[in-house]
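Chemist: Just work-v4.cif, nothing more (mmCIF, C-alpha atoms):
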```
data_model
#
loop_
_atom_site.label_atom_id
_atom_site.label_comp_id
_atom_site.auth_asym_id
_atom_site.auth_seq_id
_atom_site.Cartn_x
_atom_site.Cartn_y
_atom_site.Cartn_z
CA MET A 1113 52.05 -10.65 81.56
CA LYS A 1114 53.35 -13.11 78.97
CA GLU A 1115 56.41 -13.90 81.08
CA LYS A 1116 54.09 -14.65 84.03
CA LYS A 1117 52.32 -17.30 81.97
CA LEU A 1118 55.67 -18.87 81.12
CA ASP A 1119 56.70 -18.75 84.78
CA LEU A 1120 53.56 -20.70 85.73
CA PHE A 1121 54.54 -23.40 83.27
CA LEU A 1122 58.13 -23.56 84.50
CA ASN A 1123 57.04 -23.74 88.14
CA LYS A 1124 54.81 -26.70 87.33
CA PHE A 1125 57.23 -28.77 85.25
CA LYS A 1126 60.56 -27.50 86.60
CA ARG A 1127 62.07 -27.47 83.12
CA LYS A 1128 62.21 -25.47 79.92
CA ILE A 1129 59.87 -25.93 76.97
CA VAL A 1130 61.45 -28.11 74.28
CA ILE A 1131 60.73 -27.02 70.70
CA TRP A 1132 61.77 -28.82 67.54
CA ASP A 1133 62.16 -26.30 64.75
CA LEU A 1134 62.13 -28.36 61.54
CA PHE A 1135 63.54 -26.67 58.41
CA GLY A 1136 64.07 -23.57 60.53
CA GLY A 1137 67.78 -22.98 60.00
CA GLY A 1138 67.35 -20.85 56.91
CA CYS A 1139 65.81 -17.84 58.64
CA ASN A 1140 65.74 -18.79 62.33
CA SER A 1141 62.41 -17.00 62.77
CA LEU A 1142 61.68 -18.78 66.06
CA SER A 1143 65.05 -18.10 67.67
CA ARG A 1144 65.08 -14.48 66.56
CA TRP A 1145 61.72 -13.90 68.23
CA ILE A 1146 62.98 -15.51 71.46
CA ILE A 1147 66.03 -13.24 71.45
CA LYS A 1148 63.96 -10.16 70.59
CA ASP A 1149 61.61 -10.68 73.56
CA ASN A 1150 64.36 -11.84 75.96
CA LEU A 1151 62.74 -15.24 76.59
CA GLU A 1152 65.86 -17.38 76.40
CA LYS A 1153 65.40 -18.85 79.89
CA TYR A 1154 62.07 -20.45 78.96
CA PHE A 1155 62.94 -22.42 75.82
CA VAL A 1156 65.31 -25.05 74.45
CA VAL A 1157 65.24 -25.04 70.65
CA TYR A 1158 66.48 -27.88 68.46
CA THR A 1159 66.80 -26.60 64.90
CA PHE A 1160 67.03 -29.28 62.20
CA ASP A 1161 68.08 -28.20 58.71
CA VAL A 1162 70.75 -28.62 56.05
CA VAL A 1163 71.43 -24.90 55.53
CA GLU A 1164 75.02 -23.79 56.07
CA THR A 1165 75.52 -21.54 59.06
CA HIS A 1166 76.01 -17.79 58.67
CA LYS A 1167 75.70 -16.11 62.04
CA GLU A 1168 75.50 -12.56 60.68
CA SER A 1169 72.44 -13.11 58.49
CA PHE A 1170 69.00 -14.70 58.58
CA ARG A 1171 70.55 -17.76 56.98
CA GLY A 1172 71.88 -20.24 59.47
CA GLN A 1173 72.81 -20.67 63.11
CA LEU A 1174 72.69 -17.94 65.73
CA ASP A 1175 75.30 -17.76 68.46
CA VAL A 1176 72.92 -18.42 71.35
CA SER A 1177 73.00 -20.97 74.15
CA PHE A 1178 69.34 -22.02 74.05
CA GLN A 1179 69.47 -23.17 70.42
CA HIS A 1180 71.02 -26.46 69.28
CA TYR A 1181 71.61 -26.49 65.53
CA ILE A 1182 71.64 -29.99 64.01
CA ASN A 1183 72.64 -30.37 60.37
CA GLN A 1184 70.12 -33.06 59.49
CA ASP A 1185 68.56 -34.16 56.23
CA LEU A 1186 64.84 -34.39 57.06
CA SER A 1187 63.94 -36.30 53.89
CA ILE A 1188 65.58 -39.60 54.89
CA ASP A 1189 63.53 -42.79 55.24
CA ASN A 1190 64.44 -43.63 58.87
CA ILE A 1191 63.70 -40.16 60.21
CA VAL A 1192 61.90 -41.39 63.34
CA GLU A 1193 64.79 -43.61 64.42
CA VAL A 1194 67.29 -40.80 63.90
CA MET A 1195 65.25 -38.28 65.89
CA LYS A 1196 64.81 -40.59 68.89
CA ARG A 1197 68.24 -39.52 70.13
CA TYR A 1198 66.99 -36.01 70.93
CA PRO A 1199 64.79 -34.87 73.85
CA LYS A 1200 61.07 -35.42 73.27
CA PRO A 1201 59.48 -32.22 71.99
CA ASP A 1202 56.68 -30.31 73.67
CA ILE A 1203 56.12 -28.37 70.44
CA ILE A 1204 57.01 -29.16 66.82
CA LEU A 1205 57.19 -26.36 64.24
CA SER A 1206 57.71 -27.40 60.64
CA SER A 1207 58.34 -25.00 57.75
CA THR A 1208 58.64 -27.77 55.20
CA LEU A 1209 59.76 -27.13 51.62
CA CYS A 1210 57.18 -25.17 49.67
CA GLN A 1211 58.52 -25.21 46.10
CA SER A 1212 56.73 -28.31 44.88
CA PHE A 1213 53.39 -27.24 46.43
CA SER A 1214 53.58 -23.54 45.53
CA ASN A 1215 51.02 -22.01 43.21
CA VAL A 1216 53.77 -19.74 41.88
CA LEU A 1217 54.67 -22.70 39.67
CA SER A 1218 51.12 -23.11 38.39
CA MET A 1219 50.18 -25.00 35.24
CA VAL A 1220 47.42 -24.62 32.68
CA GLY A 1221 44.32 -26.25 34.15
CA GLY A 1222 45.51 -25.89 37.75
CA GLY A 1223 48.02 -27.62 40.00
CA THR A 1224 51.79 -27.17 40.18
CA CYS A 1225 54.56 -28.57 38.00
CA PHE A 1226 54.11 -32.16 39.16
CA TRP A 1227 51.10 -32.02 41.49
CA LYS A 1228 47.50 -32.07 40.32
CA GLN A 1229 44.14 -32.78 41.90
CA GLU A 1230 42.67 -36.19 41.20
CA ILE A 1231 39.38 -34.37 40.55
CA ARG A 1232 40.04 -30.98 39.06
CA LYS A 1233 39.16 -28.01 41.32
CA ASP A 1234 38.03 -30.36 44.10
CA LYS A 1235 39.83 -29.46 47.32
CA ASN A 1236 38.67 -32.70 48.94
CA SER A 1237 40.27 -34.92 46.31
CA LYS A 1238 43.74 -36.44 46.55
CA LEU A 1239 46.79 -34.86 45.00
CA ILE A 1240 48.50 -37.10 42.46
CA GLU A 1241 51.72 -36.88 40.49
CA ARG A 1242 51.67 -35.38 37.01
CA SER A 1243 53.58 -37.18 34.24
CA ILE A 1244 56.58 -35.60 32.52
CA GLU A 1245 54.69 -35.69 29.21
CA GLU A 1246 51.79 -33.76 30.73
CA PHE A 1247 54.19 -31.24 32.28
CA GLU A 1248 55.88 -30.57 28.94
CA LYS A 1249 52.51 -30.08 27.29
CA LEU A 1250 51.01 -27.71 29.87
CA LYS A 1251 53.94 -25.59 31.04
CA HIS A 1252 53.75 -21.92 30.10
CA GLY A 1253 54.98 -18.48 31.08
CA PHE A 1254 56.92 -18.72 34.34
CA THR A 1255 57.29 -22.52 34.05
CA ARG A 1256 58.09 -22.55 30.32
CA LYS A 1257 61.88 -22.91 30.70
CA LEU A 1258 61.95 -25.10 33.79
CA ASN A 1259 63.67 -28.47 33.55
CA ALA A 1260 61.25 -31.40 33.95
CA GLU A 1261 63.65 -33.75 35.74
CA LYS A 1262 64.74 -31.07 38.19
CA GLN A 1263 61.14 -30.11 38.98
CA LEU A 1264 60.16 -33.77 39.44
CA PHE A 1265 63.05 -34.15 41.90
CA VAL A 1266 61.86 -31.04 43.80
CA LYS A 1267 58.31 -32.39 43.89
CA ARG A 1268 59.35 -35.74 45.34
CA LEU A 1269 61.73 -34.09 47.82
CA GLY A 1270 58.97 -31.77 49.04
CA GLU A 1271 56.58 -34.71 49.32
CA LYS A 1272 59.07 -36.71 51.37
CA CYS A 1273 59.72 -33.79 53.72
CA ALA A 1274 55.98 -33.27 54.24
CA ILE A 1275 55.45 -36.99 54.94
CA ASN A 1276 58.33 -37.02 57.44
CA SER A 1277 56.92 -33.98 59.24
CA VAL A 1278 53.66 -35.88 59.74
CA LYS A 1279 55.53 -39.02 60.83
CA LEU A 1280 57.38 -37.09 63.55
CA ILE A 1281 54.18 -35.45 64.79
CA LYS A 1282 52.29 -38.74 64.94
CA TYR A 1283 55.12 -40.66 66.61
CA PHE A 1284 56.35 -38.15 69.20
CA LYS A 1285 52.88 -36.68 69.84
CA PRO A 1286 53.90 -33.15 70.87
CA LYS A 1287 51.40 -31.12 72.84
CA PHE A 1288 51.18 -28.60 70.02
CA TRP A 1289 52.42 -28.39 66.44
CA TYR A 1290 52.06 -26.57 63.18
CA ILE A 1291 53.19 -27.11 59.58
CA GLU A 1292 53.75 -23.83 57.72
CA ASN A 1293 53.57 -22.89 54.03
CA PRO A 1294 52.18 -20.03 51.96
CA ALA A 1295 48.42 -19.79 52.49
CA SER A 1296 47.66 -20.76 48.88
CA SER A 1297 49.94 -23.81 48.94
CA LEU A 1298 48.60 -27.22 47.93
CA LEU A 1299 50.46 -28.65 50.93
CA PHE A 1300 47.43 -28.25 53.19
CA GLN A 1301 45.24 -30.28 50.86
CA PHE A 1302 47.98 -32.94 50.80
CA LEU A 1303 48.11 -33.04 54.62
CA LYS A 1304 44.35 -33.21 55.05
CA VAL A 1305 43.39 -35.58 52.22
CA ASN A 1306 46.49 -37.61 51.34
CA MET A 1307 47.98 -37.87 54.84
CA LYS A 1308 44.65 -37.70 56.74
CA LEU A 1309 46.21 -35.37 59.30
CA LYS A 1310 43.45 -33.68 61.27
CA GLY A 1311 43.98 -30.02 62.01
CA TYR A 1312 42.99 -26.42 61.46
CA LEU A 1313 44.34 -24.08 58.80
CA ASN A 1314 45.17 -20.75 60.43
CA VAL A 1315 45.99 -17.90 58.04
CA ALA A 1316 47.97 -14.74 58.83
CA CYS A 1317 48.73 -11.71 56.68
CA PHE A 1318 52.39 -10.93 57.36
CA GLY A 1319 51.79 -7.29 56.47
CA ALA A 1320 49.81 -6.96 59.71
CA TYR A 1321 53.00 -7.88 61.60
CA ASN A 1322 55.29 -5.22 60.08
CA PHE A 1323 56.42 -7.40 57.19
CA PRO A 1324 57.20 -5.27 54.10
CA GLN A 1325 54.82 -7.32 51.96
CA ASN A 1326 51.17 -8.43 52.37
CA LYS A 1327 52.14 -12.07 52.08
CA SER A 1328 49.72 -14.62 53.56
CA GLY A 1329 51.09 -17.56 55.51
CA GLY A 1330 49.21 -20.74 56.40
CA PHE A 1331 49.77 -22.62 59.67
CA TYR A 1332 48.16 -26.07 59.79
CA SER A 1333 47.90 -26.89 63.49
CA ASN A 1334 46.14 -29.11 66.00
CA VAL A 1335 44.53 -26.00 67.54
CA LYS A 1336 42.75 -22.91 66.26
CA ILE A 1337 44.84 -19.75 66.41
CA ASP A 1338 43.50 -16.23 66.06
CA LEU A 1339 45.92 -14.52 63.65
CA SER A 1340 45.49 -11.13 62.00
CA THR A 1341 44.61 -11.04 58.30
CA ASN A 1342 44.59 -7.24 58.03
CA LYS A 1343 46.67 -5.88 55.17
CA ARG A 1344 49.18 -3.10 55.64
CA GLU A 1345 49.15 0.05 53.57
CA PRO A 1346 51.02 -0.54 50.27
CA THR A 1347 54.68 0.49 50.25
CA TYR A 1348 54.71 0.76 46.48
CA GLU A 1349 53.04 2.76 43.74
CA THR A 1350 52.23 2.19 40.07
CA GLN A 1351 54.54 3.76 37.49
CA TRP A 1352 54.54 3.44 33.71
CA GLU A 1353 57.61 2.90 31.51
CA ASP A 1354 57.69 3.76 27.81
CA ILE A 1355 58.15 0.71 25.54
CA THR A 1356 58.17 0.05 21.81
CA LYS A 1357 55.14 -0.80 19.73
CA LYS A 1358 56.60 -4.29 19.12
CA GLU A 1359 56.89 -4.97 22.88
CA TYR A 1360 53.28 -3.84 23.33
CA GLU A 1361 51.98 -6.06 20.50
CA ASP A 1362 54.04 -9.04 21.69
CA TRP A 1363 52.41 -8.84 25.12
CA ILE A 1364 48.88 -8.63 23.71
CA LYS A 1365 49.62 -11.59 21.44
CA HIS A 1366 51.07 -13.48 24.39
CA VAL A 1367 47.84 -13.00 26.38
CA GLU A 1368 45.59 -14.05 23.48
CA GLU A 1369 47.55 -17.26 22.89
CA PHE A 1370 47.26 -18.31 26.53
CA LYS A 1371 43.53 -17.69 26.55
CA LYS A 1372 43.14 -20.24 23.75
CA ILE A 1373 44.58 -23.03 25.93
CA GLY A 1374 42.63 -22.10 29.05
CA SER A 1375 45.25 -19.98 30.79
CA SER A 1376 44.99 -16.33 31.74
CA GLY A 1377 46.92 -13.15 31.15
CA ASP A 1378 46.50 -9.50 32.01
CA LYS A 1379 46.34 -6.98 29.18
CA ARG A 1380 46.39 -4.20 31.76
CA VAL A 1381 50.14 -4.70 32.20
CA VAL A 1382 50.58 -2.62 29.03
CA ARG A 1383 48.65 0.31 27.60
CA PHE A 1384 48.55 2.84 24.77
CA LYS A 1385 47.92 6.35 26.08
CA ASN A 1386 48.57 9.82 24.71
CA GLY A 1387 50.31 8.36 21.68
CA LYS A 1388 52.75 6.29 23.82
CA TYR A 1389 53.09 2.56 24.43
CA GLN A 1390 53.75 1.84 28.10
CA ARG A 1391 54.35 -1.03 30.53
CA ARG A 1392 53.27 -1.00 34.18
CA TRP A 1393 55.68 -1.39 37.10
CA TYR A 1394 55.10 -1.50 40.85
CA VAL A 1395 57.82 0.68 42.36
CA ASP A 1396 58.70 1.38 46.00
CA LYS A 1397 57.35 4.72 47.16
CA GLY A 1398 59.96 7.42 46.85
CA TYR A 1399 61.71 5.75 43.91
CA LYS A 1400 61.44 5.99 40.16
CA ILE A 1401 61.90 3.27 37.57
CA GLY A 1402 65.64 2.59 37.26
CA ASP A 1403 66.61 3.98 40.69
CA LYS A 1404 68.85 1.99 42.99
CA GLY A 1405 67.69 0.92 46.44
CA HIS A 1406 64.88 -1.51 45.80
CA CYS A 1407 64.53 -4.23 48.42
CA SER A 1408 63.89 -7.83 47.30
CA LEU A 1409 60.95 -7.97 49.73
CA LYS A 1410 59.07 -5.17 47.98
CA LYS A 1411 56.28 -5.58 45.45
CA THR A 1412 58.39 -4.65 42.42
CA CYS A 1413 60.74 -7.60 42.61
CA MET A 1414 58.25 -10.12 43.90
CA THR A 1415 55.83 -9.76 40.97
CA LEU A 1416 57.34 -8.59 37.70
CA GLY A 1417 61.12 -8.53 37.85
CA LYS A 1418 64.25 -7.30 39.58
CA LEU A 1419 66.65 -4.38 39.35
CA THR A 1420 70.11 -5.26 37.99
CA LYS A 1421 72.71 -2.62 37.10
CA ASN A 1422 70.04 0.08 36.99
CA LYS A 1423 67.92 -1.95 34.54
CA PHE A 1424 64.81 -4.02 35.22
CA GLN A 1425 64.75 -7.62 34.06
CA LEU A 1426 61.49 -9.50 33.64
CA LYS A 1427 61.10 -12.32 36.14
CA SER A 1428 60.33 -14.79 33.33
CA GLU A 1429 63.81 -14.15 31.93
CA ALA A 1430 65.74 -13.62 35.12
CA PHE A 1431 64.40 -16.46 37.28
CA SER A 1432 63.09 -19.11 34.90
CA VAL A 1433 66.22 -21.26 34.73
CA LYS A 1434 67.05 -21.65 38.41
CA GLN A 1435 65.35 -22.92 41.53
CA LEU A 1436 63.86 -20.53 44.02
CA GLY A 1437 65.85 -20.54 47.28
CA GLU A 1438 64.08 -21.76 50.42
CA ALA A 1439 66.42 -20.04 52.87
CA ASN A 1440 66.02 -16.42 51.89
CA GLU A 1441 64.52 -13.31 53.47
CA THR A 1442 61.12 -13.81 51.82
CA SER A 1443 60.74 -17.09 53.77
CA HIS A 1444 61.11 -15.28 57.09
CA ILE A 1445 58.11 -15.54 59.43
CA PRO A 1446 57.57 -12.23 61.30
CA SER A 1447 58.29 -12.32 65.03
CA GLY A 1448 54.76 -11.14 65.78
CA VAL A 1449 53.29 -14.21 64.10
CA ILE A 1450 55.57 -16.60 65.99
CA LYS A 1451 54.76 -14.80 69.24
CA SER A 1452 50.99 -15.08 68.69
CA ILE A 1453 51.25 -18.80 67.93
CA ILE A 1454 53.56 -19.79 70.79
CA PHE A 1455 51.59 -17.85 73.42
CA ARG A 1456 48.36 -19.36 72.11
CA PHE A 1457 49.93 -22.76 72.77
CA ILE A 1458 51.05 -21.67 76.27
CA ASP A 1459 47.61 -20.23 77.12
CA LEU A 1460 45.89 -23.49 76.19
CA TRP A 1461 48.46 -25.50 78.12
CA ASN A 1462 48.13 -23.40 81.27
CA LYS A 1463 44.35 -23.61 81.03
CA GLU A 1464 44.49 -27.39 80.87
CA LEU A 1465 46.89 -27.56 83.81
CA TYR A 1466 44.63 -25.31 85.88
CA GLU A 1467 41.52 -27.36 85.11
CA THR A 1468 43.32 -30.62 85.91
CA ARG A 1469 44.74 -29.28 89.15
CA ASN A 1470 41.32 -28.18 90.42
CA ARG A 1471 39.49 -31.32 89.39
CA LYS A 1472 38.64 -33.74 92.21
CA VAL A 1473 37.40 -37.30 92.05
CA TYR A 1474 35.65 -39.66 94.44
CA CYS A 1475 37.53 -42.90 94.85
CA TRP A 1476 37.62 -46.13 96.83
CA ASN A 1477 40.98 -47.41 97.92
CA THR A 1478 40.54 -51.19 97.65
CA ARG A 1479 43.55 -51.86 99.86
CA SER A 1480 42.85 -49.77 102.92
CA SER A 1481 39.31 -48.46 103.20
CA SER A 1482 35.74 -49.35 102.42
CA LYS A 1483 34.47 -45.79 102.62
CA TRP A 1484 34.10 -43.28 99.85
CA ARG A 1485 36.30 -40.27 100.35
CA LYS A 1486 37.38 -37.23 98.37
CA LYS A 1487 40.98 -37.07 97.19
CA SER A 1488 42.63 -34.23 95.33
CA TRP A 1489 44.56 -34.53 92.08
CA ARG A 1490 47.82 -34.53 94.07
CA ASN A 1491 47.03 -38.03 95.31
CA ILE A 1492 45.15 -39.37 92.34
CA TYR A 1493 46.04 -37.87 88.98
CA ILE A 1494 43.28 -39.28 86.83
CA ARG A 1495 45.29 -39.13 83.60
CA ASN A 1496 48.03 -41.28 85.08
CA ILE A 1497 46.64 -44.81 85.27
CA LYS A 1498 49.64 -46.07 87.26
CA ASN A 1499 48.61 -43.93 90.22
CA ILE A 1500 44.98 -45.11 90.31
CA ARG A 1501 45.16 -48.78 89.36
CA ASN A 1502 44.25 -49.84 92.90
CA TYR A 1503 41.14 -47.66 93.02
CA ARG A 1504 37.59 -47.88 91.88
CA ILE A 1505 36.54 -44.59 90.28
CA LYS A 1506 33.14 -43.02 90.86
CA THR A 1507 31.83 -39.83 89.26
CA THR A 1508 30.73 -37.02 91.55
CA PHE A 1509 27.00 -37.31 90.92
CA SER A 1510 26.61 -40.94 90.00
CA GLN A 1511 26.55 -44.27 91.80
CA PHE A 1512 28.21 -45.98 88.86
CA LYS A 1513 31.45 -47.74 89.78
CA THR A 1514 34.06 -49.29 87.58
CA ARG A 1515 37.40 -50.85 88.23
CA SER A 1516 40.19 -48.95 86.52
CA LYS A 1517 42.44 -50.53 83.97
CA THR A 1518 45.83 -51.81 84.98
CA LEU A 1519 48.96 -51.39 82.92
#
```
Please re-express this file's structure in structure tokens.
Modeler:
Amino acid sequence: MKEKKLDLFLNKFKRKIVIWDLFGGGCNSLSRWIIKDNLEKYFVVYTFDVVETHKESFRGQLDVSFQHYINQDLSIDNIVEVMKRYPKPDIILSSTLCQSFSNVLSMVGGGTCFWKQEIRKDKNSKLIERSIEEFEKLKHGFTRKLNAEKQLFVKRLGEKCAINSVKLIKYFKPKFWYIENPASSLLFQFLKVNMKLKGYLNVACFGAYNFPQNKSGGFYSNVKIDLSTNKREPTYETQWEDITKKEYEDWIKHVEEFKKIGSSGDKRVVRFKNGKYQRRWYVDKGYKIGDKGHCSLKKTCMTLGKLTKNKFQLKSEAFSVKQLGEANETSHIPSGVIKSIIFRFIDLWNKELYETRNRKVYCWNTRSSSKWRKKSWRNIYIRNIKNIRNYRIKTTFSQFKTRSKTL
């Protein structure tokens, strides 16, 4: 059924659908879906990214004929001029950098390391840059050991990539587009308020599409898309590890200190029960604390820490001094999500083509005839002014006449 809809499109335009996949080289989510569903004959994909190619993993180029991988820095100033050399896109998909907009790097009082709302907690206010002095004052927990200059660079890089995504959409005017980020990202506020890009925020729960984690993705698009937000059954369970009294007291003290400056902490991470001090872990079902085999996509590693040499390390210690990678498995968009989005675009496109094809107008050919006569869209395509510049157009049920514009 889906292939039939694509065949209708191909029969009309006699060419493949051109898709620009911006920042897509890290995981190749789009191309992997096309391969999975055997739809190679319908698409030409231009993937723009700076990720090195590794054909045997999610990171980098795939060895397929329909995909053209272009190693291109998308943060440059003259991005529009550079991209003019490639075929005009029918669809633009942008998975722009999320680090600088991510709420994972949240600060006391809201915002990210170097983004904050002009009016606090107002989603309709502009996002503005935070000063280094303010960052040093407010950073805590996960952001406590991050380097200010590095984070400021990441913020400005992410901002530039987001701006360039909007520039390409506005200049090349694809039929459909989306800009993707985690659902809680401040990017969507930046696009709507700062960039004044009109669109709809469509949210999907990746767990509903066989992703190992109930991660929510946001797709800011020029059309509304019906995506599933149902959560999958948890693949993890809660287990408790014995700790020392000092570790227990340090955590409680840690939570109390953050409450004084307006931040939050969860005392439920630790407990004292049956004469034992314990710390909570989320562990994959079928495993015990300390077992090998944990996947980086599972709840354990994504929230509290990671397993290294049979020992857990807290995320605040293990990850606080390095940047989070953009091109890793957790950035992968499930094939089911991509499929739902692309076929929503195709359905809308086919519907518009059908309505246009069956629409008829009454016209007056000023060169040859003085009589009103009915002509089909094949002779007069009303959207193409070049084909009707010698006609006066009249609506079906009105006597109003007007001379059409000439180019």
Chemist: Which residues match the PyMOL selection byres ((chain A and resi 1128) around 9) in the file above, as a PyMOL selection string?
Modeler: chain A and resi 1121-1122+1125-1127+1129-1130+1153-1156
Chemist: On this structure, which residues satisfy the PyMOL selection byres ((chain A and resi 1447) around 8), written as a list in words?
Modeler: Ser1141, Leu1142, Arg1144, Trp1145, Tyr1321, Ile1445, Pro1446, Gly1448, Val1449, Ile1450 and Lys1451 of chain A
Chemist: Suppose you want the space between atom CA of A:Glu1261 and atom CA of A:Ala1295; what is it in Å?
Modeler: 26.6 Å
Chemist: Rank nothing, just name the residue among A:Ile1291, A:Leu1264, A:Val1194, A:Val1315 nearest to A:Phe1135, using only C-alpha atoms.
Modeler: A:Ile1291
Chemist: Check which residues satisfy the PyMOL selection byres ((chain A and resi 1458) around 10) in the file shown, then give them as a list in words.
Modeler: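 Checked against the file, the PyMOL selection byres ((chain A and resi 1458) around 10) matches Lys1114, Lys1117, Leu1118, Leu1120, Phe1121, Ile1129, Phe1288, Ile1453, Ile1454, Phe1455, Arg1456, Phe1457, Asp1459, Leu1460, Trp1461, Asn1462, Lys1463 and Glu1464 of chain A.
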Chemist: In terms of the shortest atom-to-atom distance over only C-alpha atoms, which of A:Lys1388, A:Lys1238, A:Lys1200, A:Lys1285 is closest to A:Val1305?
Modeler: A:Lys1238
Chemist: Quick one: distance from atom CA of A:Asn1123 to atom CA of A:Ile1182 in Å, one decimal?
Modeler: 28.9 Å
Chemist: Can you pull out the residues contacting A:Ser1212? Cut-off 12 Å, using all atoms listed in the file, and skip same-chain residues under 3 positions away; I want them as a PyMOL selection string.
Modeler: chain A and resi 1208-1209+1215-1218+1223-1228+1239+1241-1242+1262-1274+1293-1294+1297-1299+1302+1435-1436+1438
Chemist: Ranking A:Asn1150, A:Ser1296, A:Asn1259, A:Ser1333 by minimum distance to A:Lys1310 and counting only C-alpha atoms, which one comes first?
Modeler: A:Ser1333
Chemist: Give as an NGL selection string every residue, naming chains and numbers as the document does, that has an atom within 6 Å of (55.6, 2.6, 29.8), counting all atoms listed in the file.
Modeler: :A and (1352-1355 or 1389-1391)
Chemist: Just give me the gap between atom CA of A:Cys1317 and atom CA of A:Pro1346 in Å, one decimal is fine.
Modeler: 13.1 Å
Chemist: Any chance you could export stretch 1285-1297 of chain A with N, CA, C and O atoms, as a compact mmCIF listing (two decimals), in the first residue's frame?
Modeler:
```txt
# COMPACT_ATOMS: atom_id res chain seq x y z
N LYS A 1285 12.97 26.36 0.27
CA LYS A 1285 11.52 26.12 0.33
C LYS A 1285 11.14 24.69 -0.05
O LYS A 1285 10.38 24.46 -1.02
N PRO A 1286 11.61 23.70 0.68
CA PRO A 1286 11.20 22.32 0.40
C PRO A 1286 9.71 22.15 0.67
O PRO A 1286 9.11 22.91 1.42
N LYS A 1287 9.13 21.13 0.06
CA LYS A 1287 7.71 20.88 0.26
C LYS A 1287 7.42 20.54 1.71
O LYS A 1287 6.43 20.99 2.29
N PHE A 1288 8.31 19.76 2.31
CA PHE A 1288 8.15 19.38 3.71
C PHE A 1288 9.50 19.43 4.41
O PHE A 1288 10.55 19.25 3.77
N TRP A 1289 9.48 19.62 5.71
CA TRP A 1289 10.71 19.66 6.49
C TRP A 1289 10.42 19.39 7.95
O TRP A 1289 9.29 19.52 8.41
N TYR A 1290 11.45 18.98 8.66
CA TYR A 1290 11.38 18.96 10.12
C TYR A 1290 12.76 19.24 10.69
O TYR A 1290 13.79 19.01 10.03
N ILE A 1291 12.79 19.76 11.91
CA ILE A 1291 14.02 19.94 12.68
C ILE A 1291 13.84 19.16 13.97
O ILE A 1291 12.88 19.38 14.71
N GLU A 1292 14.75 18.22 14.23
CA GLU A 1292 14.58 17.26 15.32
C GLU A 1292 15.52 17.54 16.48
O GLU A 1292 16.66 17.95 16.29
N ASN A 1293 15.01 17.30 17.69
CA ASN A 1293 15.77 17.39 18.94
C ASN A 1293 14.99 16.63 20.00
O ASN A 1293 13.82 16.30 19.78
N PRO A 1294 15.59 16.38 21.15
CA PRO A 1294 14.80 15.81 22.25
C PRO A 1294 13.58 16.69 22.54
O PRO A 1294 13.63 17.91 22.40
N ALA A 1295 12.48 16.07 22.94
CA ALA A 1295 11.22 16.79 23.11
C ALA A 1295 11.31 17.93 24.11
O ALA A 1295 10.60 18.93 23.99
N SER A 1296 12.18 17.81 25.11
CA SER A 1296 12.30 18.84 26.15
C SER A 1296 13.32 19.91 25.80
O SER A 1296 13.57 20.82 26.60
N SER A 1297 13.91 19.83 24.62
CA SER A 1297 14.96 20.77 24.22
C SER A 1297 14.45 22.20 24.11
O SER A 1297 13.30 22.44 23.71
```
